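*Asks:* There's a structure below that I have some questions on.
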Amino acid sequence: MAETRFPPIHKTLAELTALVEGKLEGDADYVIESASGLSEAGPQDISFLGNPKYADAAAASGAGCLLLPPAAQNSPCRAKNKIYVEDPQYAFSQVLEIIESLLPKAAAAVSPKASIDPSARLAPGVSVGDFSVIERGASVGEGTTIAPQVFIGENARVGRDCRIYPQVVIREDCEVGDRAIIHSGAVIGSDGYGFSTDKKTGRQRKIPQLGNVVVQPDVEIGAGVTIDRATTGSTVIGAGTKIDNLVQLGHNVQVGRDCLIVSQVGISGSTTLGDRVILAGQAGLAGHIHVGEGAIVLAQSGVMSDVEKGQVLFGSPGRPRREAFRLMALYGRLPEFFEAIKELKAKALSSSGDHAKG
Amino acid sequence: MAETRFPPIHKTLAELTALVEGKLEGDADYVIESASGLSEAGPQDISFLGNPKYADAAAASGAGCLLLPPAAQNSPCRAKNKIYVEDPQYAFSQVLEIIESLLPKAAAAVSPKASIDPSARLAPGVSVGDFSVIERGASVGEGTTIAPQVFIGENARVGRDCRIYPQVVIREDCEVGDRAIIHSGAVIGSDGYGFSTDKKTGRQRKIPQLGNVVVQPDVEIGAGVTIDRATTGSTVIGAGTKIDNLVQLGHNVQVGRDCLIVSQVGISGSTTLGDRVILAGQAGLAGHIHVGEGAIVLAQSGVMSDVEKGQVLFGSPGRPRREAFRLMALYGRLPEFFEAIKELKAKALSSSGDHAKG
Amino acid sequence: MAETRFPPIHKTLAELTALVEGKLEGDADYVIESASGLSEAGPQDISFLGNPKYADAAAASGAGCLLLPPAAQNSPCRAKNKIYVEDPQYAFSQVLEIIESLLPKAAAAVSPKASIDPSARLAPGVSVGDFSVIERGASVGEGTTIAPQVFIGENARVGRDCRIYPQVVIREDCEVGDRAIIHSGAVIGSDGYGFSTDKKTGRQRKIPQLGNVVVQPDVEIGAGVTIDRATTGSTVIGAGTKIDNLVQLGHNVQVGRDCLIVSQVGISGSTTLGDRVILAGQAGLAGHIHVGEGAIVLAQSGVMSDVEKGQVLFGSPGRPRREAFRLMALYGRLPEFFEAIKELKAKALSSSGDHAKG
């Protein structure tokens, strides 16, 4: 671990094996104190092999114990202690949860340096940091932590057990569900980008944006994410959805449940996503389209029209993955291709010459 | 409408028809209280059909009245009251303006919790929110609202009737014109990205960025937008231009009047845009180029060289739209294409075989 | 120069020529007061030609003196005074450094309106602005300026002579090296985007992100940049690296020394960069790959696998530049290409007809 504030966990391999429901090969009484990546791990650390790409690093790791997939059972390995589990990354994550839980938690407290409107309702166990602002009629649910320098606008509602990091903006009337995590620099409820163009003058006239944003429970929103409020009604982020940094969601977008929206994705206004959709990094979606349940849009792809349930798209414009990959491969063969045409033309010429002569 | 704070508008259809200069079909005395999207609208709401894609939703809408284009005059429709107008979206926007105007406005006030340098000049009717900072020699024009947690640097000048949302940064010496709207997380006047590389060591040496940013009147700047100050002189955003969220404008960029710059666009240093240019989402422009008046760059396109007035570009690298779409279509036919070449080669072979035999 | 606060420099051309180690053509006693771009420069300004594209602007410039490359020695030019230097941009930058140095510096001061935990350690000569928060156990090195509204989390360490602009977030446990410059809206140490998917329910479970971010000395980080903390261990930004606005760096990314990462680039988790890598605007890198020393990824390119030392990539997916440019050119010839195939098919048909007849 980097020089952080986490105390040692003092867990035997017997305990950890039980925790992750794995199969131990090694010394059940061996004591683990922390968790670490394969290359940095020392004898007191547990580490894991989550990606076959790192098999060599796992073999060479100085970790006190390795979490390995069953398939690695016969691979040579420097580590003497191994726990075999179906999903080593998840098992590692279970150990990280123990480490995290040992960090002393600050008692809930509302800073006297925050500015909280007397009409705002803070449930018991709420923390509010220095220089945060909570405006008229806003409410914050039990156990939620509002870090310093956060803005919560008029009539906004934040649920229970949320963690709102420093310098988040939640604009007026927006709703954030229970257990949400919102990272620094995120802006929830900025005005949608709506203008009507005066045909005579070419000037843009602002369309008022009077709706809000509804973030359902168990959502995580990354740093610097911007989510625009609806023109009327709500921009909705479905329960359990996880949004990476610097993502842009336009007004009236509807995101389903348990979606993964990776960094720098942009979704234009009024587009809707089914449940469990995955949008990889830097993908862009046009407005007013629907992406069906479980569909996957690969990195940097551009989507201009509806996507069927379960489809996997790639490219700009996005096409079904198999087709996109085939086209990409053929694209790489264009030179060979041009060569062939040149030859065929030459032959055709000489052949018609032959004919002429024939 | 979502659960927001807007009071009912109590307008008869006669009044609304007059407002939008439309043609009413239905009950002139019917009273509308609010506005809503097609699917959420109830009998007290007015809604609109702005995109033919939603014709079915319009037909099924439970709205008390629909704003429809003349072309929809004979389509069957559940709503009994209809107002026909050339631009239903604009008409809807006019109703939204009424709703917005009914929201009680807070009286202008300068928070005692803001930190305002004694040399800063605040005109009458300026509001400044909690924990905002206005530094030495800065000025703010009449009727402008500075939300909480805003930073306005030394010698910066903000015009009249602007709305600066929470957590905006306007750095020293920058100028923001009248009626500007700047959304949360926007940064105006960060240093340009300028370095000279030491050829011997490969190290980068910072080039001081001593210019500023000038935002002309009637500009809207989205959440999380970054606009770098010029090396010398000014980065300029032309009057009436509207910038969506998470856009990046490099140092010494010059944007014309009434441009639309959609989300996640990036413009490299010293590039200039004519008036009424439209850059769609995620487009990227190289540095030191010019995009002519009225040109349009479609989504995710990359522009590496000058663009003529009125041109429409698509693709990375961007090509004129018609060409780009033709190439895209041909690209999709590459498999058929390869097949043809294979056949032609086979034929050529057999044909030369024929010849040999012949 | 724009209307900024910089005092005149009163330097003779003799002095400036010595400063930039150039060769003067003109009046050694002529006095320069400021620096400006070619088109805005007046008789008191020095300007420069840094890009051959601007040769005409240089010829027409009203500058009192021009910094020119030796190659421009015989070009006609309105300016009477010229200084010839190998790298005119760098020479111009040296003049800008003089201008910058003349701006009076505020005395170091810790604002009584900041909130600084008593256990935080501030070295002598540290400035902290209004409404900044420095939490328990954090430290700030000598001569560093923390602007207003900055957040520095528990146990975070900021080095000497850094400049941290308004509204930067440096989360708990993160380290920032000496002489770093961090622009507004940047977030250092947000949680990495790590989830394990429950195969039964499709729900995402958060993987704790317990590592930190280490920013080595002499790094500049642009406005709105987001850098995620490592799952365990550190996300590392190598010494001397310069990061432009709105860049996203995932957890456990390792960036080498003296890299240039241009605006809106995204780097996925665990990817590593060698020294002096250049990533141009809007490029995207997949996770778990390595980009070798000195490699260059051109604008909007997508990189899915390891990149060798010194390679130059273009396209999405990225290919070696020469190949990518050749493919791009052939792509533009697809119409001609299709035409050729059509003709060849027609000929083959008529030719086989000939055979049939023959």
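Chain labels run A, B, ... following the order of the structure tokens; each chain numbers its residues from 1, and ligands are numbered from 1 in the order shown.
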Determine which residues of stretch 162-320 of chain C receive a DSSP assignment of strand (DSSP E), computed from the backbone, and state them as a ChimeraX atom specification.
*Replies:* /C:163-164,169-170,175-176,181-182,187-190,195-197,204-206,212-215,220-221,226-228,234-237,242-243,248-249,254-255,260-261,266-267,272-273,278-279,284-285,290-291,296-297,302-303,312-314,319-320
*Asks:* Counting only C-alpha atoms, what are the residues of chain A within 8 Å of chain C, and for each of them which pair of atoms is the nearest and at what distance in Å, to one decimal? Sort the table by chain and rising number, as CSV.
*Replies:*
residue,atom,partner,partner_atom,distance
A:Met1,CA,C:Gly233,CA,4.7
A:Ala2,CA,C:Gly233,CA,4.5
A:Glu3,CA,C:Asp173,CA,7.4
A:Thr4,CA,C:Asp173,CA,5.8
A:Arg5,CA,C:Asp173,CA,7.6
A:Ala35,CA,C:Thr232,CA,7.3
A:Ser36,CA,C:Thr232,CA,5.5
A:Gly37,CA,C:Thr232,CA,6.3
A:Glu40,CA,C:Gly233,CA,7.6
A:Gln89,CA,C:Ser196,CA,7.5
A:Tyr90,CA,C:Ser196,CA,6.1
A:Ser93,CA,C:Ile207,CA,5.2
A:Leu96,CA,C:Pro208,CA,6.0
A:Glu97,CA,C:Pro208,CA,6.2
A:Glu100,CA,C:Pro208,CA,7.2
A:Asp130,CA,C:Ser115,CA,7.3
A:Phe131,CA,C:Phe131,CA,6.5
A:Pro148,CA,C:Val133,CA,7.5
A:Gln149,CA,C:Gln149,CA,7.5
A:Pro166,CA,C:Phe151,CA,7.1
A:Gln167,CA,C:Gln167,CA,7.5
A:His183,CA,C:Ser190,CA,6.5
A:Ser184,CA,C:Val187,CA,6.6
A:Gly185,CA,C:Gly185,CA,6.6
A:Gly222,CA,C:Ser190,CA,7.7
A:Ala223,CA,C:Thr226,CA,6.4
A:Gly224,CA,C:Gly224,CA,6.8
A:Gly240,CA,C:Arg203,CA,6.7
A:Thr241,CA,C:Gln204,CA,7.9
A:Lys242,CA,C:Gln204,CA,7.9
A:Asp244,CA,C:Tyr193,CA,6.1
A:Asn245,CA,C:Thr226,CA,6.9
A:Leu246,CA,C:Gln248,CA,7.3
A:Asp258,CA,C:Arg203,CA,5.8
A:Ser263,CA,C:Gln248,CA,7.3
A:Gln264,CA,C:Gly266,CA,7.4
A:Arg276,CA,C:Gly202,CA,7.3
A:Gly281,CA,C:Gly284,CA,7.7
A:Gln282,CA,C:Gly284,CA,7.4
A:Gln300,CA,C:Gly302,CA,7.3
A:Tyr331,CA,C:Leu327,CA,7.3
A:Gly332,CA,C:Leu327,CA,7.0
A:Leu334,CA,C:Leu327,CA,6.7
A:Pro335,CA,C:Leu327,CA,7.2
A:Phe338,CA,C:Phe337,CA,7.6
A:Ile341,CA,C:Ile341,CA,7.3
A:Leu344,CA,C:Leu344,CA,7.6
A:Lys345,CA,C:Leu344,CA,7.0
A:Ala348,CA,C:Leu344,CA,7.4
*Asks:* For atom CA of B:Val126 and atom CA of B:Pro104, quote the distance in Å rounded to one decimal.
*Replies:*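 Computing it gives 17.0 Å between the two atoms.
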*Asks:* Could you pull the residues within 7 Å of stretch 11-22 of chain B, counting only C-alpha atoms, minus those fewer than 2 positions along the same chain, as a list in words?
*Replies:*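 My list of contacting residues is Ile9, Leu24, Ala28, Asp29, Tyr30, Val31, Ile32, Glu33, Ile83, Tyr84, Val85 and Ala91 of chain B.
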*Asks:* Next, dump the selected residues to file, keeping only C-alpha atoms, as a PDB file, in the first residue's frame.
*Replies:*
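Generated file (selection_30.pdb):
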ATOM      1  CA  ILE B   9     -49.886  29.827 -14.682  1.00  0.00           C
ATOM      2  CA  LEU B  24     -56.434  27.342 -32.046  1.00  0.00           C
ATOM      3  CA  ALA B  28     -60.622  28.930 -26.094  1.00  0.00           C
ATOM      4  CA  ASP B  29     -61.673  29.062 -22.419  1.00  0.00           C
ATOM      5  CA  TYR B  30     -59.830  25.897 -21.390  1.00  0.00           C
ATOM      6  CA  VAL B  31     -57.305  26.715 -18.654  1.00  0.00           C
ATOM      7  CA  ILE B  32     -53.686  25.528 -18.719  1.00  0.00           C
ATOM      8  CA  GLU B  33     -51.626  25.468 -15.520  1.00  0.00           C
ATOM      9  CA  ILE B  83     -52.632  25.169 -31.300  1.00  0.00           C
ATOM     10  CA  TYR B  84     -50.971  25.118 -34.710  1.00  0.00           C
ATOM     11  CA  VAL B  85     -47.761  27.151 -35.048  1.00  0.00           C
ATOM     12  CA  ALA B  91     -43.958  28.341 -28.866  1.00  0.00           C
TER      13      ALA B  91
END
*Asks:* Atom CA of B:Gln216 and atom CA of B:Cys162, how far apart in Å?
*Replies:* 11.6 Å
*Asks:* Could you work out how far atom CA of B:Thr271 lies from atom CA of B:Val158, giving the answer in Å with one decimal?
*Replies:*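 One can read the atom CA of B:Val158 to atom CA of B:Thr271 distance as 24.9 Å.
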*Asks:* Using only C-alpha atoms, determine which residues lie at most 8 Å from B:Gly274, disregarding the query and same-chain residues fewer than 3 positions distant; provide the list as an MDAnalysis selection string.
*Replies:* chainID B and resid 255:257 277 290:294
*Asks:* Take the residues from that selection and write them out as an mmCIF file, in the first residue's frame, keeping C-alpha atoms.
*Replies:*
data_model
loop_
_atom_site.group_PDB
_atom_site.id
_atom_site.type_symbol
_atom_site.label_atom_id
_atom_site.label_comp_id
_atom_site.auth_asym_id
_atom_site.auth_seq_id
_atom_site.Cartn_x
_atom_site.Cartn_y
_atom_site.Cartn_z
ATOM 1 C CA VAL B 255 -14.951 32.296 -31.585
ATOM 2 C CA GLY B 256 -17.374 34.311 -33.764
ATOM 3 C CA ARG B 257 -20.888 35.507 -32.926
ATOM 4 C CA VAL B 277 -20.440 28.154 -36.816
ATOM 5 C CA HIS B 290 -9.940 28.948 -39.547
ATOM 6 C CA VAL B 291 -13.515 27.702 -39.744
ATOM 7 C CA GLY B 292 -15.577 29.932 -42.032
ATOM 8 C CA GLU B 293 -18.884 31.582 -41.241
ATOM 9 C CA GLY B 294 -21.837 29.259 -40.964
#
